[in-house]
Amino acid sequence: MNSITSFCRIRNNRFTTEQLVIEHPAASKDEFSIGLYERLQLNYPKFYKMDQQCRLGYIASELVLKGVDVSAYADSFSLVLSNADGSLDTDLRFQQSISSVASPSLFVYTLPSMVAGEICIRHKIKGENAFFVTPSFNAELLIEYVDSLLAGPGDHACLAGWVNVLDAQHDILLYLVENRRVNGSRAHNMNELNKLYGQ
Amino acid sequence: MKIESLMADLKKQIVEALNLRHINPDDIGDDQALFVDGLGLDSIDALELIVLLQQKHNTKIANAQDGPKIFKSVRTMAEYIQANASR
């Protein structure tokens with residue numbers, strides 16, 4: 001029986017986990033991500049170099065995986081992410097930068113899967129990872145794909161969710177699915193996942 | 001420009017260009033290694049430093065193999081700029 005054992009939701013300048021709700025009004029998306037990073041007292045120097053999508057994906061992953069020993073799962077810990085706008089937010093900034101001198105550090109973030117890479121590097125995730133671009137949050141797709149990864153003998157876990165940033169809008173839901181029942185965990189099904197996304 | 005002033009400018013420009021907000025420019029040593037064990041810069045940062053030299057100091061690196069020597073520290077960067085900046 002697969003279950004959702006932790007989650008993090010970031011939307012409309014609001015940050016929500018099972019234990020924590022933070023409202024963090026900010027004048028700009030830069031101010032929001034940096035403010036959240038400082039408020040949560042995180043410490044990862046590479047954070048400042050990331051684009052907004054990676055910053056918020058990184059912050060959410062820190063909270064979801066707090067206390068989780070990813071290395072214990074070895075190759076059985078996977079990552080499945082999705083969004084609607086790919087890396088368009090950074091693509092547009094890069095397009096603007098080309099008029100002077102193209103920024104190499106901006107260019108590397110013109111791929112939607114960079115957020116997956118940053119999370120894998122940070123948490124040393126070595127299992128399968130996938131990134132889907134869909135018109136809107138698709139709970140059915142995520143559940144089917146994650147369930148297929150968690151099938152089979154032994155302990156499996158998957159960090160999954162939705163990481164979408166465009167202009168001033170950010171819409172993040174990251175959650176951990178494990179193939180075991182934990183006290184207080186939620187069932188890994190459409191109803192529960194849509195409830196989390198609706199928060 | 002004196003090399004001390006040039007190094008002070010470079011430190012500010014490096015922090016700004018590489019988004020090193022957690023580092024105070026004045027805390028970067030003149031001879032501190034920029035890569036790996038020093039400031040911990042990576043290969044993408046190296047590209048950004050090349051752009052910085054071109055944009056802010058009108059200096060191009062003619063031979064890519066010289067990169068590790070030029071970007072060893074703020075002092076080596078400043079020395080390269082003084083020796084090679086286009087006038």
# chains A, B, ... in the order shown; residues from 1 in each chain; ligands from 1
$ interface_residues --of "chain A" --to "chain B" --cutoff "10 Å" --atoms "only C-alpha atoms" --output "MDAnalysis selection string"
chainID A and resid 43:50 100:108
$ residues_around --residues "A:Asn183" --least-positions-apart "2" --cutoff "12 Å" --atoms "only C-alpha atoms" --output "compact mmCIF listing (two decimals) with C-alpha atoms, in the first residue's frame"
# COMPACT_ATOMS: atom_id res chain seq x y z
CA SER A 3 1.13 6.30 0.97
CA ILE A 4 2.00 10.00 0.99
CA THR A 5 4.16 10.48 4.06
CA SER A 6 4.97 14.19 3.76
CA ARG A 180 4.65 1.46 3.45
CA ARG A 181 2.02 2.80 5.81
CA SER A 185 0.09 9.33 6.31
CA ARG A 186 -2.38 9.77 3.46
CA ALA A 187 -3.38 7.20 0.90
$ residues_around --residues "B:Ile81" --least-positions-apart "5" --cutoff "10 Å" --atoms "only C-alpha atoms" --output "PDB file with C-alpha atoms, in the first residue's frame"
ATOM      1  CA  ILE B   3      46.080  46.788  -8.859  1.00  0.00           C
ATOM      2  CA  LEU B   6      41.208  46.794  -9.628  1.00  0.00           C
ATOM      3  CA  LEU B  53      36.262  40.226 -18.267  1.00  0.00           C
ATOM      4  CA  GLN B  54      34.893  41.059 -21.716  1.00  0.00           C
ATOM      5  CA  HIS B  57      37.254  45.180 -18.567  1.00  0.00           C
ATOM      6  CA  ASN B  58      37.326  44.877 -22.335  1.00  0.00           C
ATOM      7  CA  THR B  59      39.641  41.919 -21.986  1.00  0.00           C
ATOM      8  CA  LYS B  60      39.441  38.722 -24.007  1.00  0.00           C
ATOM      9  CA  ILE B  61      41.145  35.446 -23.264  1.00  0.00           C
ATOM     10  CA  ILE B  70      44.103  33.557 -15.188  1.00  0.00           C
ATOM     11  CA  ARG B  75      45.102  38.898  -8.140  1.00  0.00           C
ATOM     12  CA  THR B  76      45.857  36.745 -11.220  1.00  0.00           C
ATOM     13  CA  SER B  86      42.276  46.640 -25.088  1.00  0.00           C
TER      14      SER B  86
END
$ residues_around --residues "stretch 11-13 of chain B" --least-positions-apart "3" --cutoff "8 Å" --atoms "only C-alpha atoms" --output "ChimeraX atom specification"
/B:7-8,16-17,25-26,28,52,74
$ residues_around --residues "A:Glu18" --least-positions-apart "5" --cutoff "10 Å" --atoms "only C-alpha atoms" --output "list in words"
Thr5, Ser6, Phe7, Cys8, Arg9, Leu63, Val64 and Gly184 of chain A
$ write_last_selection --atoms "N, CA and C atoms" --output "short mmCIF file (atom, residue, chain, number, x, y, z; two decimals), in the first residue's frame"
data_model
loop_
_atom_site.label_atom_id
_atom_site.label_comp_id
_atom_site.auth_asym_id
_atom_site.auth_seq_id
_atom_site.Cartn_x
_atom_site.Cartn_y
_atom_site.Cartn_z
N THR A 5 3.70 10.35 2.67
CA THR A 5 4.16 10.48 4.06
C THR A 5 4.57 11.91 4.43
N SER A 6 4.77 12.77 3.45
CA SER A 6 4.97 14.19 3.76
C SER A 6 4.73 15.01 2.50
N PHE A 7 4.50 16.29 2.68
CA PHE A 7 4.25 17.14 1.52
C PHE A 7 4.64 18.58 1.81
N CYS A 8 4.77 19.36 0.74
CA CYS A 8 4.98 20.80 0.87
C CYS A 8 4.25 21.49 -0.27
N ARG A 9 3.47 22.49 0.07
CA ARG A 9 2.70 23.23 -0.93
C ARG A 9 3.13 24.69 -0.89
N LEU A 63 12.03 20.57 2.90
CA LEU A 63 11.02 20.33 3.93
C LEU A 63 10.43 18.93 3.83
N VAL A 64 10.17 18.49 2.60
CA VAL A 64 9.56 17.16 2.42
C VAL A 64 10.54 16.06 2.86
N GLY A 184 -0.49 8.50 10.39
CA GLY A 184 -0.83 9.86 9.96
C GLY A 184 -0.61 10.11 8.48
#
$ residues_around --residues "A:Ile143" --least-positions-apart "4" --cutoff "12 Å" --atoms "only C-alpha atoms" --output "MDAnalysis selection string"
chainID A and resid 2:4 80:82 137:139 147:150 158:161 175:177 187:194
$ atom_distance --atom1 "atom CA of A:Phe77" --atom2 "atom CA of A:Gly127"
5.0 Å
$ decode --residues "stretch 78-114 of chain A" --atoms "N, CA and C atoms" --output "PDB file, in the first residue's frame"
ATOM      1  N   SER A  78      13.245   7.449  -6.195  1.00  0.00           N
ATOM      2  CA  SER A  78      13.086   8.073  -7.515  1.00  0.00           C
ATOM      3  C   SER A  78      12.471   9.468  -7.403  1.00  0.00           C
ATOM      4  N   LEU A  79      12.448  10.150  -8.531  1.00  0.00           N
ATOM      5  CA  LEU A  79      11.941  11.530  -8.566  1.00  0.00           C
ATOM      6  C   LEU A  79      11.068  11.696  -9.811  1.00  0.00           C
ATOM      7  N   VAL A  80       9.841  12.145  -9.620  1.00  0.00           N
ATOM      8  CA  VAL A  80       8.935  12.369 -10.745  1.00  0.00           C
ATOM      9  C   VAL A  80       8.302  13.751 -10.606  1.00  0.00           C
ATOM     10  N   LEU A  81       8.628  14.636 -11.536  1.00  0.00           N
ATOM     11  CA  LEU A  81       8.095  15.995 -11.467  1.00  0.00           C
ATOM     12  C   LEU A  81       7.301  16.329 -12.722  1.00  0.00           C
ATOM     13  N   SER A  82       6.501  17.374 -12.618  1.00  0.00           N
ATOM     14  CA  SER A  82       5.725  17.799 -13.781  1.00  0.00           C
ATOM     15  C   SER A  82       5.433  19.288 -13.667  1.00  0.00           C
ATOM     16  N   ASN A  83       5.112  19.892 -14.784  1.00  0.00           N
ATOM     17  CA  ASN A  83       4.599  21.270 -14.772  1.00  0.00           C
ATOM     18  C   ASN A  83       3.969  21.598 -16.124  1.00  0.00           C
ATOM     19  N   ALA A  84       3.458  22.811 -16.242  1.00  0.00           N
ATOM     20  CA  ALA A  84       2.775  23.199 -17.483  1.00  0.00           C
ATOM     21  C   ALA A  84       3.642  24.097 -18.360  1.00  0.00           C
ATOM     22  N   ASP A  85       4.499  24.890 -17.742  1.00  0.00           N
ATOM     23  CA  ASP A  85       5.213  25.922 -18.495  1.00  0.00           C
ATOM     24  C   ASP A  85       6.689  25.620 -18.715  1.00  0.00           C
ATOM     25  N   GLY A  86       7.091  24.388 -18.491  1.00  0.00           N
ATOM     26  CA  GLY A  86       8.479  24.014 -18.732  1.00  0.00           C
ATOM     27  C   GLY A  86       9.429  24.952 -18.018  1.00  0.00           C
ATOM     28  N   SER A  87      10.379  25.520 -18.783  1.00  0.00           N
ATOM     29  CA  SER A  87      11.311  26.492 -18.185  1.00  0.00           C
ATOM     30  C   SER A  87      11.081  27.874 -18.788  1.00  0.00           C
ATOM     31  N   LEU A  88       9.840  28.136 -19.207  1.00  0.00           N
ATOM     32  CA  LEU A  88       9.534  29.373 -19.944  1.00  0.00           C
ATOM     33  C   LEU A  88       9.937  30.635 -19.177  1.00  0.00           C
ATOM     34  N   ASP A  89       9.770  30.607 -17.865  1.00  0.00           N
ATOM     35  CA  ASP A  89      10.113  31.788 -17.057  1.00  0.00           C
ATOM     36  C   ASP A  89      11.578  32.183 -17.285  1.00  0.00           C
ATOM     37  N   THR A  90      12.466  31.203 -17.255  1.00  0.00           N
ATOM     38  CA  THR A  90      13.892  31.483 -17.467  1.00  0.00           C
ATOM     39  C   THR A  90      14.201  31.649 -18.954  1.00  0.00           C
ATOM     40  N   ASP A  91      13.491  30.916 -19.802  1.00  0.00           N
ATOM     41  CA  ASP A  91      13.689  31.068 -21.261  1.00  0.00           C
ATOM     42  C   ASP A  91      13.503  32.538 -21.664  1.00  0.00           C
ATOM     43  N   LEU A  92      12.465  33.159 -21.116  1.00  0.00           N
ATOM     44  CA  LEU A  92      12.173  34.555 -21.473  1.00  0.00           C
ATOM     45  C   LEU A  92      13.262  35.501 -20.962  1.00  0.00           C
ATOM     46  N   ARG A  93      13.727  35.240 -19.752  1.00  0.00           N
ATOM     47  CA  ARG A  93      14.819  36.075 -19.208  1.00  0.00           C
ATOM     48  C   ARG A  93      16.082  35.896 -20.038  1.00  0.00           C
ATOM     49  N   PHE A  94      16.334  34.664 -20.471  1.00  0.00           N
ATOM     50  CA  PHE A  94      17.524  34.413 -21.284  1.00  0.00           C
ATOM     51  C   PHE A  94      17.408  35.121 -22.639  1.00  0.00           C
ATOM     52  N   GLN A  95      16.196  35.065 -23.202  1.00  0.00           N
ATOM     53  CA  GLN A  95      15.968  35.733 -24.491  1.00  0.00           C
ATOM     54  C   GLN A  95      16.275  37.232 -24.376  1.00  0.00           C
ATOM     55  N   GLN A  96      15.846  37.811 -23.255  1.00  0.00           N
ATOM     56  CA  GLN A  96      16.131  39.243 -23.048  1.00  0.00           C
ATOM     57  C   GLN A  96      17.624  39.501 -22.895  1.00  0.00           C
ATOM     58  N   SER A  97      18.327  38.571 -22.244  1.00  0.00           N
ATOM     59  CA  SER A  97      19.761  38.777 -21.985  1.00  0.00           C
ATOM     60  C   SER A  97      20.585  38.698 -23.262  1.00  0.00           C
ATOM     61  N   ILE A  98      20.060  38.027 -24.274  1.00  0.00           N
ATOM     62  CA  ILE A  98      20.820  37.849 -25.517  1.00  0.00           C
ATOM     63  C   ILE A  98      21.095  39.187 -26.194  1.00  0.00           C
ATOM     64  N   SER A  99      20.243  40.182 -25.946  1.00  0.00           N
ATOM     65  CA  SER A  99      20.433  41.473 -26.606  1.00  0.00           C
ATOM     66  C   SER A  99      21.756  42.132 -26.202  1.00  0.00           C
ATOM     67  N   SER A 100      22.287  41.787 -25.023  1.00  0.00           N
ATOM     68  CA  SER A 100      23.634  42.261 -24.667  1.00  0.00           C
ATOM     69  C   SER A 100      24.590  41.070 -24.808  1.00  0.00           C
ATOM     70  N   VAL A 101      24.985  40.484 -23.712  1.00  0.00           N
ATOM     71  CA  VAL A 101      25.801  39.267 -23.782  1.00  0.00           C
ATOM     72  C   VAL A 101      25.037  38.157 -23.077  1.00  0.00           C
ATOM     73  N   ALA A 102      24.864  37.031 -23.762  1.00  0.00           N
ATOM     74  CA  ALA A 102      24.103  35.927 -23.177  1.00  0.00           C
ATOM     75  C   ALA A 102      24.781  35.427 -21.908  1.00  0.00           C
ATOM     76  N   SER A 103      23.994  35.242 -20.873  1.00  0.00           N
ATOM     77  CA  SER A 103      24.555  34.795 -19.600  1.00  0.00           C
ATOM     78  C   SER A 103      24.625  33.269 -19.557  1.00  0.00           C
ATOM     79  N   PRO A 104      25.835  32.703 -19.418  1.00  0.00           N
ATOM     80  CA  PRO A 104      25.957  31.236 -19.337  1.00  0.00           C
ATOM     81  C   PRO A 104      25.202  30.662 -18.145  1.00  0.00           C
ATOM     82  N   SER A 105      25.242  31.378 -17.010  1.00  0.00           N
ATOM     83  CA  SER A 105      24.596  30.823 -15.814  1.00  0.00           C
ATOM     84  C   SER A 105      23.075  30.856 -15.928  1.00  0.00           C
ATOM     85  N   LEU A 106      22.560  31.738 -16.782  1.00  0.00           N
ATOM     86  CA  LEU A 106      21.121  31.764 -17.035  1.00  0.00           C
ATOM     87  C   LEU A 106      20.760  30.660 -18.040  1.00  0.00           C
ATOM     88  N   PHE A 107      21.629  30.491 -19.015  1.00  0.00           N
ATOM     89  CA  PHE A 107      21.374  29.499 -20.070  1.00  0.00           C
ATOM     90  C   PHE A 107      21.196  28.085 -19.499  1.00  0.00           C
ATOM     91  N   VAL A 108      21.990  27.737 -18.490  1.00  0.00           N
ATOM     92  CA  VAL A 108      21.905  26.363 -17.980  1.00  0.00           C
ATOM     93  C   VAL A 108      20.540  26.058 -17.363  1.00  0.00           C
ATOM     94  N   TYR A 109      19.783  27.096 -17.023  1.00  0.00           N
ATOM     95  CA  TYR A 109      18.459  26.849 -16.440  1.00  0.00           C
ATOM     96  C   TYR A 109      17.329  26.870 -17.476  1.00  0.00           C
ATOM     97  N   THR A 110      17.689  26.904 -18.754  1.00  0.00           N
ATOM     98  CA  THR A 110      16.650  26.899 -19.784  1.00  0.00           C
ATOM     99  C   THR A 110      16.267  25.462 -20.170  1.00  0.00           C
ATOM    100  N   LEU A 111      16.092  24.646 -19.173  1.00  0.00           N
ATOM    101  CA  LEU A 111      15.589  23.278 -19.347  1.00  0.00           C
ATOM    102  C   LEU A 111      14.652  22.992 -18.173  1.00  0.00           C
ATOM    103  N   PRO A 112      13.444  22.501 -18.445  1.00  0.00           N
ATOM    104  CA  PRO A 112      12.510  22.239 -17.341  1.00  0.00           C
ATOM    105  C   PRO A 112      13.083  21.275 -16.305  1.00  0.00           C
ATOM    106  N   SER A 113      13.866  20.301 -16.768  1.00  0.00           N
ATOM    107  CA  SER A 113      14.343  19.260 -15.851  1.00  0.00           C
ATOM    108  C   SER A 113      15.477  19.715 -14.942  1.00  0.00           C
ATOM    109  N   MET A 114      15.906  20.985 -15.070  1.00  0.00           N
ATOM    110  CA  MET A 114      16.983  21.456 -14.185  1.00  0.00           C
ATOM    111  C   MET A 114      16.579  21.374 -12.720  1.00  0.00           C
TER     112      MET A 114
END
